[in-house]
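Chemist: What follows is the file run-v2.json, containing JSON, C-alpha atoms and all ligand atoms:
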```
[["chain", "number", "residue", "atom", "x", "y", "z"],
["A", 1, "MET", "CA", 177.88, -12.46, 126.78],
["A", 2, "ARG", "CA", 177.64, -10.54, 123.56],
["A", 3, "GLU", "CA", 175.62, -7.44, 122.73],
["A", 4, "PRO", "CA", 172.99, -7.70, 119.99],
["A", 5, "THR", "CA", 174.63, -7.41, 116.57],
["A", 6, "THR", "CA", 174.23, -3.86, 115.26],
["A", 7, "ASN", "CA", 173.85, -5.07, 111.71],
["A", 8, "PRO", "CA", 172.27, -8.53, 111.66],
["A", 9, "ARG", "CA", 172.05, -10.01, 108.17],
["A", 10, "VAL", "CA", 169.10, -11.80, 106.62],
["A", 11, "MET", "CA", 169.62, -14.92, 104.51],
["A", 12, "GLY", "CA", 166.67, -15.84, 102.28],
["A", 13, "ILE", "CA", 165.94, -19.50, 101.51],
["A", 14, "VAL", "CA", 165.67, -20.75, 97.93],
["A", 15, "ASN", "CA", 164.93, -24.43, 97.39],
["A", 16, "VAL", "CA", 165.49, -25.92, 93.98],
["A", 17, "THR", "CA", 162.78, -28.56, 94.06],
["A", 18, "PRO", "CA", 162.99, -31.91, 92.31],
["A", 19, "ASP", "CA", 161.85, -32.16, 88.72],
["A", 20, "SER", "CA", 158.21, -32.86, 88.24],
["A", 21, "PHE", "CA", 159.18, -34.66, 85.03],
["A", 22, "SER", "CA", 162.01, -37.14, 84.65],
["A", 23, "ASP", "CA", 163.41, -34.95, 81.87],
["A", 24, "GLY", "CA", 162.53, -31.69, 80.24],
["A", 25, "GLY", "CA", 160.90, -30.16, 83.32],
["A", 26, "ARG", "CA", 164.13, -28.95, 84.79],
["A", 27, "PHE", "CA", 163.95, -25.53, 83.20],
["A", 28, "LEU", "CA", 160.83, -24.72, 85.19],
["A", 29, "ASP", "CA", 162.39, -25.75, 88.51],
["A", 30, "VAL", "CA", 165.55, -23.76, 87.89],
["A", 31, "GLY", "CA", 163.61, -20.80, 86.50],
["A", 32, "SER", "CA", 161.29, -20.56, 89.47],
["A", 33, "ALA", "CA", 164.22, -20.85, 91.88],
["A", 34, "ILE", "CA", 165.97, -17.95, 90.11],
["A", 35, "ALA", "CA", 162.78, -15.88, 90.26],
["A", 36, "GLN", "CA", 162.41, -16.68, 93.96],
["A", 37, "GLY", "CA", 166.04, -15.67, 94.64],
["A", 38, "LEU", "CA", 165.60, -12.36, 92.81],
["A", 39, "ARG", "CA", 162.38, -11.70, 94.71],
["A", 40, "LEU", "CA", 164.05, -12.33, 98.09],
["A", 41, "HIS", "CA", 166.95, -10.08, 97.06],
["A", 42, "GLU", "CA", 164.48, -7.29, 96.21],
["A", 43, "GLU", "CA", 162.73, -7.85, 99.54],
["A", 44, "GLY", "CA", 166.00, -7.04, 101.29],
["A", 45, "ALA", "CA", 167.83, -10.34, 101.76],
["A", 46, "ASP", "CA", 171.55, -9.73, 102.29],
["A", 47, "LEU", "CA", 172.22, -13.11, 100.72],
["A", 48, "VAL", "CA", 170.20, -16.05, 99.47],
["A", 49, "ASP", "CA", 170.85, -19.70, 100.36],
["A", 50, "VAL", "CA", 170.35, -22.03, 97.41],
["A", 51, "GLY", "CA", 169.75, -25.69, 98.23],
["A", 52, "GLY", "CA", 169.12, -28.76, 96.09],
["A", 53, "GLU", "CA", 167.20, -30.53, 98.88],
["A", 54, "SER", "CA", 169.63, -33.28, 99.83],
["A", 55, "THR", "CA", 170.10, -31.79, 103.30],
["A", 56, "ARG", "CA", 166.44, -31.68, 104.29],
["A", 57, "PRO", "CA", 165.38, -33.76, 107.29],
["A", 58, "GLY", "CA", 163.93, -37.05, 106.05],
["A", 59, "ALA", "CA", 165.02, -36.30, 102.50],
["A", 60, "ALA", "CA", 166.39, -39.01, 100.26],
["A", 61, "ALA", "CA", 169.97, -38.49, 99.10],
["A", 62, "VAL", "CA", 170.37, -36.66, 95.79],
["A", 63, "ASP", "CA", 173.29, -37.69, 93.60],
["A", 64, "VAL", "CA", 176.04, -35.25, 92.67],
["A", 65, "ALA", "CA", 175.05, -34.87, 89.03],
["A", 66, "GLU", "CA", 171.45, -34.08, 89.90],
["A", 67, "GLU", "CA", 172.41, -31.63, 92.65],
["A", 68, "LEU", "CA", 174.78, -29.83, 90.26],
["A", 69, "ARG", "CA", 172.05, -29.62, 87.60],
["A", 70, "ARG", "CA", 169.65, -28.10, 90.10],
["A", 71, "VAL", "CA", 171.92, -25.70, 91.95],
["A", 72, "ILE", "CA", 174.63, -24.37, 89.65],
["A", 73, "PRO", "CA", 172.43, -22.63, 87.04],
["A", 74, "VAL", "CA", 170.62, -20.87, 89.89],
["A", 75, "VAL", "CA", 173.90, -19.70, 91.44],
["A", 76, "GLU", "CA", 175.17, -18.44, 88.08],
["A", 77, "ALA", "CA", 171.99, -16.53, 87.33],
["A", 78, "LEU", "CA", 171.73, -14.92, 90.77],
["A", 79, "VAL", "CA", 175.42, -13.98, 90.89],
["A", 80, "SER", "CA", 175.13, -12.38, 87.45],
["A", 81, "GLU", "CA", 172.30, -10.23, 88.85],
["A", 82, "GLY", "CA", 174.47, -9.06, 91.74],
["A", 83, "VAL", "CA", 172.91, -11.28, 94.40],
["A", 84, "GLU", "CA", 175.16, -12.63, 97.16],
["A", 85, "VAL", "CA", 174.68, -16.40, 97.17],
["A", 86, "SER", "CA", 175.21, -19.15, 99.73],
["A", 87, "VAL", "CA", 174.96, -22.79, 98.69],
["A", 88, "ASP", "CA", 173.49, -25.41, 101.02],
["A", 89, "THR", "CA", 175.39, -28.62, 100.25],
["A", 90, "MET", "CA", 177.33, -31.45, 101.87],
["A", 91, "LYS", "CA", 179.16, -32.47, 98.69],
["A", 92, "PRO", "CA", 182.72, -31.31, 97.85],
["A", 93, "GLU", "CA", 182.01, -31.48, 94.10],
["A", 94, "VAL", "CA", 179.02, -29.17, 94.50],
["A", 95, "MET", "CA", 181.08, -26.86, 96.77],
["A", 96, "ARG", "CA", 183.81, -26.53, 94.14],
["A", 97, "ALA", "CA", 181.35, -25.86, 91.34],
["A", 98, "ALA", "CA", 179.41, -23.35, 93.48],
["A", 99, "ILE", "CA", 182.62, -21.52, 94.37],
["A", 100, "GLY", "CA", 183.57, -21.48, 90.67],
["A", 101, "ALA", "CA", 180.15, -20.03, 89.87],
["A", 102, "GLY", "CA", 180.69, -17.14, 92.29],
["A", 103, "ALA", "CA", 179.05, -18.28, 95.55],
["A", 104, "ALA", "CA", 180.08, -16.22, 98.60],
["A", 105, "MET", "CA", 179.36, -18.89, 101.22],
["A", 106, "ILE", "CA", 179.09, -22.66, 101.52],
["A", 107, "ASN", "CA", 176.46, -23.70, 104.06],
["A", 108, "ASP", "CA", 177.17, -27.30, 105.07],
["A", 109, "VAL", "CA", 174.72, -28.92, 107.48],
["A", 110, "ASN", "CA", 177.29, -31.74, 107.70],
["A", 111, "ALA", "CA", 179.98, -29.24, 108.83],
["A", 112, "PHE", "CA", 182.54, -30.22, 106.17],
["A", 113, "ARG", "CA", 182.88, -33.80, 107.44],
["A", 114, "ALA", "CA", 182.69, -35.38, 103.95],
["A", 115, "ALA", "CA", 186.03, -36.46, 102.48],
["A", 116, "GLY", "CA", 187.42, -33.51, 100.49],
["A", 117, "ALA", "CA", 184.98, -30.93, 101.88],
["A", 118, "ILE", "CA", 187.55, -29.10, 104.02],
["A", 119, "GLU", "CA", 189.95, -28.97, 101.06],
["A", 120, "ALA", "CA", 187.20, -27.62, 98.81],
["A", 121, "ILE", "CA", 186.53, -24.69, 101.13],
["A", 122, "ALA", "CA", 190.16, -24.13, 102.19],
["A", 123, "SER", "CA", 191.36, -23.68, 98.61],
["A", 124, "SER", "CA", 188.90, -20.80, 98.16],
["A", 125, "LYS", "CA", 188.19, -17.45, 99.78],
["A", 126, "VAL", "CA", 184.48, -17.97, 100.48],
["A", 127, "ASP", "CA", 182.78, -18.12, 103.88],
["A", 128, "ALA", "CA", 181.89, -21.42, 105.52],
["A", 129, "CYS", "CA", 178.87, -22.14, 107.71],
["A", 130, "VAL", "CA", 179.38, -25.13, 110.00],
["A", 131, "MET", "CA", 176.12, -26.48, 111.40],
["A", 132, "HIS", "CA", 175.54, -29.03, 114.14],
["A", 133, "MET", "CA", 173.56, -32.11, 113.19],
["A", 134, "LYS", "CA", 173.21, -35.28, 115.26],
["A", 135, "GLY", "CA", 172.83, -38.31, 113.01],
["A", 136, "THR", "CA", 171.89, -38.09, 109.36],
["A", 137, "PRO", "CA", 168.98, -36.26, 107.67],
["A", 138, "GLU", "CA", 167.16, -39.59, 107.15],
["A", 139, "THR", "CA", 167.19, -40.71, 110.78],
["A", 140, "MET", "CA", 168.10, -37.79, 113.03],
["A", 141, "GLN", "CA", 164.60, -37.00, 114.32],
["A", 142, "ALA", "CA", 164.09, -40.55, 115.64],
["A", 143, "ASP", "CA", 164.49, -40.10, 119.42],
["A", 144, "PRO", "CA", 167.52, -37.78, 119.61],
["A", 145, "ARG", "CA", 169.22, -37.80, 123.06],
["A", 146, "TYR", "CA", 171.91, -35.71, 124.74],
["A", 147, "ASP", "CA", 173.35, -35.57, 128.25],
["A", 148, "ASP", "CA", 173.88, -31.81, 127.88],
["A", 149, "VAL", "CA", 172.72, -30.51, 124.51],
["A", 150, "VAL", "CA", 174.32, -27.06, 124.86],
["A", 151, "ALA", "CA", 177.71, -28.46, 125.91],
["A", 152, "GLU", "CA", 177.70, -31.12, 123.18],
["A", 153, "VAL", "CA", 176.63, -28.79, 120.38],
["A", 154, "SER", "CA", 179.09, -26.08, 121.48],
["A", 155, "ALA", "CA", 181.99, -28.54, 121.65],
["A", 156, "TYR", "CA", 181.12, -29.91, 118.22],
["A", 157, "LEU", "CA", 180.96, -26.44, 116.64],
["A", 158, "VAL", "CA", 184.33, -25.46, 118.10],
["A", 159, "GLU", "CA", 185.87, -28.75, 116.95],
["A", 160, "ARG", "CA", 184.60, -28.25, 113.38],
["A", 161, "ALA", "CA", 185.61, -24.57, 113.27],
["A", 162, "ARG", "CA", 189.11, -25.52, 114.49],
["A", 163, "ALA", "CA", 189.33, -28.23, 111.80],
["A", 164, "LEU", "CA", 188.67, -25.57, 109.16],
["A", 165, "GLU", "CA", 191.17, -23.18, 110.74],
["A", 166, "ALA", "CA", 193.81, -25.92, 110.81],
["A", 167, "ALA", "CA", 193.33, -26.26, 107.03],
["A", 168, "GLY", "CA", 193.91, -22.53, 106.58],
["A", 169, "VAL", "CA", 190.41, -21.05, 106.73],
["A", 170, "ALA", "CA", 190.62, -17.69, 108.56],
["A", 171, "PRO", "CA", 188.27, -17.52, 111.57],
["A", 172, "GLU", "CA", 186.54, -14.45, 110.06],
["A", 173, "ARG", "CA", 185.32, -16.71, 107.24],
["A", 174, "ILE", "CA", 183.66, -19.19, 109.60],
["A", 175, "VAL", "CA", 180.03, -19.02, 110.76],
["A", 176, "ILE", "CA", 178.66, -21.44, 113.35],
["A", 177, "ASP", "CA", 175.06, -22.67, 113.61],
["A", 178, "PRO", "CA", 173.46, -24.83, 116.37],
["A", 179, "GLY", "CA", 171.30, -26.54, 113.72],
["A", 180, "PHE", "CA", 167.79, -26.16, 115.10],
["A", 181, "GLY", "CA", 165.70, -29.24, 114.29],
["A", 182, "PHE", "CA", 168.62, -31.37, 113.10],
["A", 183, "GLY", "CA", 168.51, -34.25, 115.59],
["A", 184, "LYS", "CA", 166.75, -32.18, 118.27],
["A", 185, "THR", "CA", 163.46, -32.21, 120.10],
["A", 186, "LEU", "CA", 161.59, -29.02, 120.95],
["A", 187, "GLU", "CA", 163.20, -29.18, 124.40],
["A", 188, "HIS", "CA", 166.69, -29.40, 122.86],
["A", 189, "ASN", "CA", 165.93, -26.51, 120.51],
["A", 190, "VAL", "CA", 164.68, -24.35, 123.38],
["A", 191, "ALA", "CA", 167.77, -25.10, 125.49],
["A", 192, "LEU", "CA", 170.02, -24.15, 122.57],
["A", 193, "PHE", "CA", 168.06, -20.99, 121.83],
["A", 194, "ARG", "CA", 168.30, -19.90, 125.45],
["A", 195, "ALA", "CA", 172.05, -20.48, 125.25],
["A", 196, "LEU", "CA", 172.46, -18.14, 122.25],
["A", 197, "PRO", "CA", 174.24, -15.40, 124.24],
["A", 198, "ALA", "CA", 176.92, -17.95, 125.21],
["A", 199, "ILE", "CA", 177.09, -19.49, 121.73],
["A", 200, "CYS", "CA", 177.47, -15.98, 120.30],
["A", 201, "SER", "CA", 180.47, -15.44, 122.62],
["A", 202, "MET", "CA", 182.45, -18.33, 121.14],
["A", 203, "GLY", "CA", 184.38, -16.09, 118.74],
["A", 204, "TYR", "CA", 182.55, -16.82, 115.49],
["A", 205, "PRO", "CA", 179.54, -15.19, 113.84],
["A", 206, "VAL", "CA", 176.37, -17.21, 114.51],
["A", 207, "LEU", "CA", 173.61, -18.20, 112.10],
["A", 208, "VAL", "CA", 170.15, -19.15, 113.38],
["A", 209, "GLY", "CA", 167.61, -21.06, 111.28],
["A", 210, "LEU", "CA", 164.19, -21.62, 112.84],
["A", 211, "SER", "CA", 162.04, -20.33, 109.98],
["A", 212, "ARG", "CA", 158.75, -22.28, 109.69],
["A", 213, "LYS", "CA", 160.30, -25.25, 111.50],
["A", 214, "LYS", "CA", 158.41, -27.84, 113.53],
["A", 215, "SER", "CA", 159.44, -26.18, 116.80],
["A", 216, "ILE", "CA", 157.56, -23.04, 115.74],
["A", 217, "GLY", "CA", 154.60, -25.28, 114.93],
["A", 218, "ASP", "CA", 154.85, -27.07, 118.28],
["A", 219, "ILE", "CA", 154.84, -23.76, 120.16],
["A", 220, "THR", "CA", 152.04, -22.08, 118.17],
["A", 221, "GLY", "CA", 149.95, -25.06, 117.03],
["A", 222, "ARG", "CA", 150.24, -23.75, 113.46],
["A", 223, "LYS", "CA", 150.76, -25.64, 110.20],
["A", 224, "VAL", "CA", 153.85, -24.91, 108.15],
["A", 225, "ASP", "CA", 152.28, -22.17, 105.99],
["A", 226, "GLU", "CA", 150.90, -20.39, 109.09],
["A", 227, "ARG", "CA", 154.21, -19.96, 110.93],
["A", 228, "VAL", "CA", 155.28, -16.55, 109.60],
["A", 229, "ALA", "CA", 154.61, -14.54, 112.78],
["A", 230, "GLY", "CA", 156.15, -17.21, 115.00],
["A", 231, "SER", "CA", 159.19, -17.38, 112.73],
["A", 232, "VAL", "CA", 159.65, -13.60, 112.69],
["A", 233, "ALA", "CA", 159.45, -13.54, 116.50],
["A", 234, "ALA", "CA", 162.14, -16.24, 116.71],
["A", 235, "ALA", "CA", 164.40, -14.44, 114.21],
["A", 236, "LEU", "CA", 164.07, -11.15, 116.07],
["A", 237, "LEU", "CA", 164.80, -12.73, 119.43],
["A", 238, "ALA", "CA", 167.80, -14.53, 117.91],
["A", 239, "VAL", "CA", 169.15, -11.18, 116.71],
["A", 240, "GLN", "CA", 168.44, -9.64, 120.11],
["A", 241, "ASN", "CA", 170.51, -12.44, 121.65],
["A", 242, "GLY", "CA", 173.50, -11.90, 119.37],
["A", 243, "ALA", "CA", 172.84, -13.86, 116.16],
["A", 244, "ASN", "CA", 174.65, -12.30, 113.18],
["A", 245, "LEU", "CA", 172.66, -14.03, 110.48],
["A", 246, "VAL", "CA", 169.09, -15.36, 110.35],
["A", 247, "ARG", "CA", 168.06, -17.88, 107.69],
["A", 248, "VAL", "CA", 164.44, -17.22, 106.76],
["A", 249, "HIS", "CA", 161.71, -17.89, 104.19],
["A", 250, "ASP", "CA", 159.83, -14.66, 104.95],
["A", 251, "VAL", "CA", 162.42, -12.04, 104.07],
["A", 252, "ARG", "CA", 160.15, -9.00, 103.75],
["A", 253, "GLU", "CA", 158.53, -9.55, 107.15],
["A", 254, "THR", "CA", 161.84, -10.30, 108.87],
["A", 255, "VAL", "CA", 163.58, -7.26, 107.36],
["A", 256, "ASP", "CA", 160.68, -5.03, 108.52],
["A", 257, "ALA", "CA", 160.84, -6.48, 112.03],
["A", 258, "ILE", "CA", 164.60, -5.87, 112.27],
["A", 259, "LYS", "CA", 164.17, -2.29, 110.98],
["A", 260, "VAL", "CA", 161.61, -1.55, 113.68],
["A", 261, "TRP", "CA", 163.72, -3.29, 116.33],
["A", 262, "ARG", "CA", 166.75, -1.17, 115.38],
["A", 263, "ALA", "CA", 164.81, 2.11, 115.13],
["A", 264, "LEU", "CA", 163.38, 1.53, 118.60],
["A", 265, "GLY", "CA", 166.79, 0.91, 120.11],
["A", 266, "GLY", "CA", 167.00, -2.88, 120.05],
["A", 267, "ASP", "CA", 170.63, -2.72, 118.92],
["A", 268, "ARG", "CA", 171.88, -0.97, 122.05],
["B", 301, "LIG", "C1", 162.19, -29.58, 106.00],
["B", 301, "LIG", "C2", 162.65, -29.35, 107.28],
["B", 301, "LIG", "C3", 162.77, -28.94, 104.92],
["B", 301, "LIG", "C4", 163.71, -28.51, 107.49],
["B", 301, "LIG", "C5", 163.81, -28.08, 105.14],
["B", 301, "LIG", "C6", 164.31, -27.89, 106.41],
["B", 301, "LIG", "C7", 169.12, -25.08, 108.18],
["B", 301, "LIG", "C8", 169.96, -25.18, 107.08],
["B", 301, "LIG", "C9", 168.10, -26.23, 106.67],
["B", 301, "LIG", "C10", 169.57, -24.38, 109.35],
["B", 301, "LIG", "C11", 171.61, -23.98, 108.15],
["B", 301, "LIG", "C12", 164.87, -25.57, 106.30],
["B", 301, "LIG", "C13", 165.40, -26.92, 106.70],
["B", 301, "LIG", "N1", 167.95, -25.71, 107.89],
["B", 301, "LIG", "N2", 171.19, -24.64, 107.06],
["B", 301, "LIG", "N3", 169.31, -25.91, 106.14],
["B", 301, "LIG", "N4", 170.82, -23.86, 109.27],
["B", 301, "LIG", "N5", 172.84, -23.44, 108.19],
["B", 301, "LIG", "O1", 164.07, -25.04, 107.10],
["B", 301, "LIG", "O2", 168.91, -24.26, 110.38],
["B", 301, "LIG", "O3", 165.17, -25.07, 105.22],
["B", 301, "LIG", "S1", 166.94, -27.23, 105.84]]
```
Could I get this structure in the form of structure tokens?
Ligand code: 7PM

Modeler:
Amino acid sequence: MREPTTNPRVMGIVNVTPDSFSDGGRFLDVGSAIAQGLRLHEEGADLVDVGGESTRPGAAAVDVAEELRRVIPVVEALVSEGVEVSVDTMKPEVMRAAIGAGAAMINDVNAFRAAGAIEAIASSKVDACVMHMKGTPETMQADPRYDDVVAEVSAYLVERARALEAAGVAPERIVIDPGFGFGKTLEHNVALFRALPAICSMGYPVLVGLSRKKSIGDITGRKVDERVAGSVAAALLAVQNGANLVRVHDVRETVDAIKVWRALGGDR
């Protein structure tokens, strides 16, 4: 079992939302995403995760050209302002463009299973987050089942991390993530969360993303915009249990909570 990470890092979430107009409205979407990324950076995010929405549960697939149009200008602008950027994508073409634009991490909820994805990351020096997902974003929340969710998710994460290592990605560049809410019921998510000390002993840094998710709503009875306190509690407990990186919407609140936790001896 691993000690709490002395210096847990906070990843802020930036979604580049679909255009409200079929053309011409793009500037606004990209502009507000850039502003959001800068705000999260000022609030203390160690890096910001930029996503073009194709990986969201229940989301319709977004084509490559559209995802590039949404994501790449945001990456370029944030990198030019000195912000460390992660890009949430499953597509090798988007990975390559994001790496070219200066991204520091590729966050793939599909764990680099797309043809060409491993090559895209292996030919670079950036970090790679491999997340567990059962099924596809469209269908994964329809009655997910496991014999042993912790064993299955752990085995999958090791298999994907080893696949990256076999292609030449150094283990220090790999982050693993149990993928809370991606083909999991509340019960599955709780079992995985309780197994964090073991998952954090697997030899890779661990990312936890529970911010504002349905599990927080199920536990608290709160709607999505009322889940800040529940999300901060989950992030703090994840850090306490060894998570190296927490992916959150509410950066300011999470950074404050971690500061207090550390000052009061949580990192011992
Ligand atoms: C609706 C439901 C919209 C869920 C968006 C989401 C993770 C991620 C996401 C995660 C990593 C969200 C999710 N979640 N990447 N991307 N880990 N690595 O809350 O848990 O943003 S999408």

Chemist: Counting only C-alpha atoms and all ligand atoms, which residues in chain A sit no more than 9 Å from ligand LIG 301 (chain B)? For each one, give the nearest pair of atoms and the distance in Å, sorted by chain then residue number, as a Markdown table.

Modeler:
```
| residue | atom | partner | partner_atom | distance |
| --- | --- | --- | --- | --- |
| A:Ile13 | CA | B:LIG301 | O3 | 6.7 |
| A:Val14 | CA | B:LIG301 | O3 | 8.5 |
| A:Asn15 | CA | B:LIG301 | O3 | 7.9 |
| A:Asp49 | CA | B:LIG301 | N2 | 8.3 |
| A:Gly51 | CA | B:LIG301 | N3 | 7.9 |
| A:Glu53 | CA | B:LIG301 | C5 | 7.5 |
| A:Ser54 | CA | B:LIG301 | S1 | 8.9 |
| A:Thr55 | CA | B:LIG301 | S1 | 6.1 |
| A:Arg56 | CA | B:LIG301 | C5 | 4.5 |
| A:Pro57 | CA | B:LIG301 | C2 | 5.2 |
| A:Gly58 | CA | B:LIG301 | C1 | 7.7 |
| A:Ala59 | CA | B:LIG301 | C3 | 8.1 |
| A:Asp88 | CA | B:LIG301 | N2 | 6.5 |
| A:Thr89 | CA | B:LIG301 | N3 | 8.9 |
| A:Asn107 | CA | B:LIG301 | N5 | 5.5 |
| A:Asp108 | CA | B:LIG301 | N5 | 6.6 |
| A:Val109 | CA | B:LIG301 | N2 | 5.6 |
| A:Cys129 | CA | B:LIG301 | N5 | 6.2 |
| A:Val130 | CA | B:LIG301 | N5 | 7.0 |
| A:Met131 | CA | B:LIG301 | N5 | 5.5 |
| A:His132 | CA | B:LIG301 | N4 | 8.5 |
| A:Val175 | CA | B:LIG301 | N5 | 8.8 |
| A:Ile176 | CA | B:LIG301 | N5 | 8.0 |
| A:Asp177 | CA | B:LIG301 | N5 | 5.9 |
| A:Pro178 | CA | B:LIG301 | O2 | 7.5 |
| A:Gly179 | CA | B:LIG301 | O2 | 4.7 |
| A:Phe180 | CA | B:LIG301 | O2 | 5.2 |
| A:Gly181 | CA | B:LIG301 | O2 | 7.1 |
| A:Phe182 | CA | B:LIG301 | O2 | 7.6 |
| A:Leu207 | CA | B:LIG301 | N5 | 6.6 |
| A:Val208 | CA | B:LIG301 | O2 | 6.1 |
| A:Gly209 | CA | B:LIG301 | O2 | 3.6 |
| A:Leu210 | CA | B:LIG301 | O2 | 5.9 |
| A:Ser211 | CA | B:LIG301 | O1 | 5.9 |
| A:Arg212 | CA | B:LIG301 | O1 | 6.5 |
| A:Lys213 | CA | B:LIG301 | O1 | 5.8 |
| A:Lys214 | CA | B:LIG301 | C2 | 7.7 |
| A:Val246 | CA | B:LIG301 | N4 | 8.7 |
| A:Arg247 | CA | B:LIG301 | N4 | 6.8 |
| A:Val248 | CA | B:LIG301 | O1 | 7.8 |
| A:His249 | CA | B:LIG301 | O3 | 8.0 |
```

Chemist: Provide the CA of Val10 in chain A to CA of Ser80 in chain A distance in Å, to one decimal place.

Modeler: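 Computing it gives 20.1 Å between the two atoms.
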
Chemist: To one decimal place in Å, what is the distance between CA of Ala122 in chain A and CA of Arg96 in chain A?

Modeler: 10.5 Å

Chemist: Let me make sure I understand: among A:Gly31, A:Val251, A:Pro18, A:Gly265, which one has the smallest atom-to-atom distance to Val48 in chain A if we use all atoms listed in the file?

Modeler: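 Closest candidate: A:Val251.
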
Chemist: Would you compute the distance between CA of Val260 in chain A and CA of Glu81 in chain A? Give it in Å to one decimal.

Modeler: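 The value is 28.4 Å.
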
Chemist: Tell me which protein, DNA and RNA residues are within 10 Å of Ala142 in chain A, counting all atoms listed in the file, leaving out same-chain ones fewer than 5 positions away, and put them as a CSV table (one decimal) with C-alpha atoms, keeping the file's coordinate frame.

Modeler:
```
chain,number,residue,atom,x,y,z
A,135,GLY,CA,172.8,-38.3,113.0
A,183,GLY,CA,168.5,-34.2,115.6
A,184,LYS,CA,166.8,-32.2,118.3
A,185,THR,CA,163.5,-32.2,120.1
```

Chemist: Excluding range 67-70 of chain A and any residue of its chain fewer than 2 positions from it, enumerate the residues within 12 Å of it, using only C-alpha atoms, and give them as a PyMOL selection string.

Modeler: chain A and resi 14-19+23+25-34+50-55+61-65+72-76+87-98+101

Chemist: Restricting the calculation to all atoms listed in the file: of A:Gly266, A:Gly37, A:Gly168, A:Pro197, which residue gets closest to Ile121 in chain A?

Modeler: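 Counting all atoms listed in the file, the residue closest to Ile121 in chain A is A:Gly168.
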
Chemist: With distances taken over all atoms listed in the file, which residue among A:Val85, A:Ala163, A:Met133, A:Leu196 lies nearest Ala103 in chain A?

Modeler: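 Closest to Ala103 in chain A of all the choices is A:Val85.
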
Chemist: Between A:Val126, A:Val190, A:Arg160, A:Leu237, single out the one closest to Ala114 in chain A, counting all atoms listed in the file.

Modeler: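 Ranked by minimum distance to Ala114 in chain A, first place goes to A:Arg160.
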
Chemist: With 12 Å as the threshold, what does the neighbourhood of (159.9, -17.1, 118.3) contain in terms of residues, counting only C-alpha atoms? Coordinates are those of the file; answer as a ChimeraX atom specification.

Modeler: /A:189-190,193-194,208-220,227-240,254

Chemist: Tell me which residues come within 9 Å of (170.6, -3.6, 115.1), as a list in words, counting all atoms listed in the file in the file's coordinates.

Modeler: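 Those residues lying close to the given coordinates are Pro4, Thr5, Thr6, Asn7, Pro8, Val239, Gln240, Ile258, Lys259, Trp261, Arg262, Ala263, Gly265, Gly266, Asp267 and Arg268 of chain A.
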
Chemist: Between A:Gln36, A:Glu66, A:Asp250, A:Ala60, single out the one closest to Glu138 in chain A, counting all atoms listed in the file.

Modeler: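 Closest to Glu138 in chain A, using all atoms listed in the file: A:Ala60.
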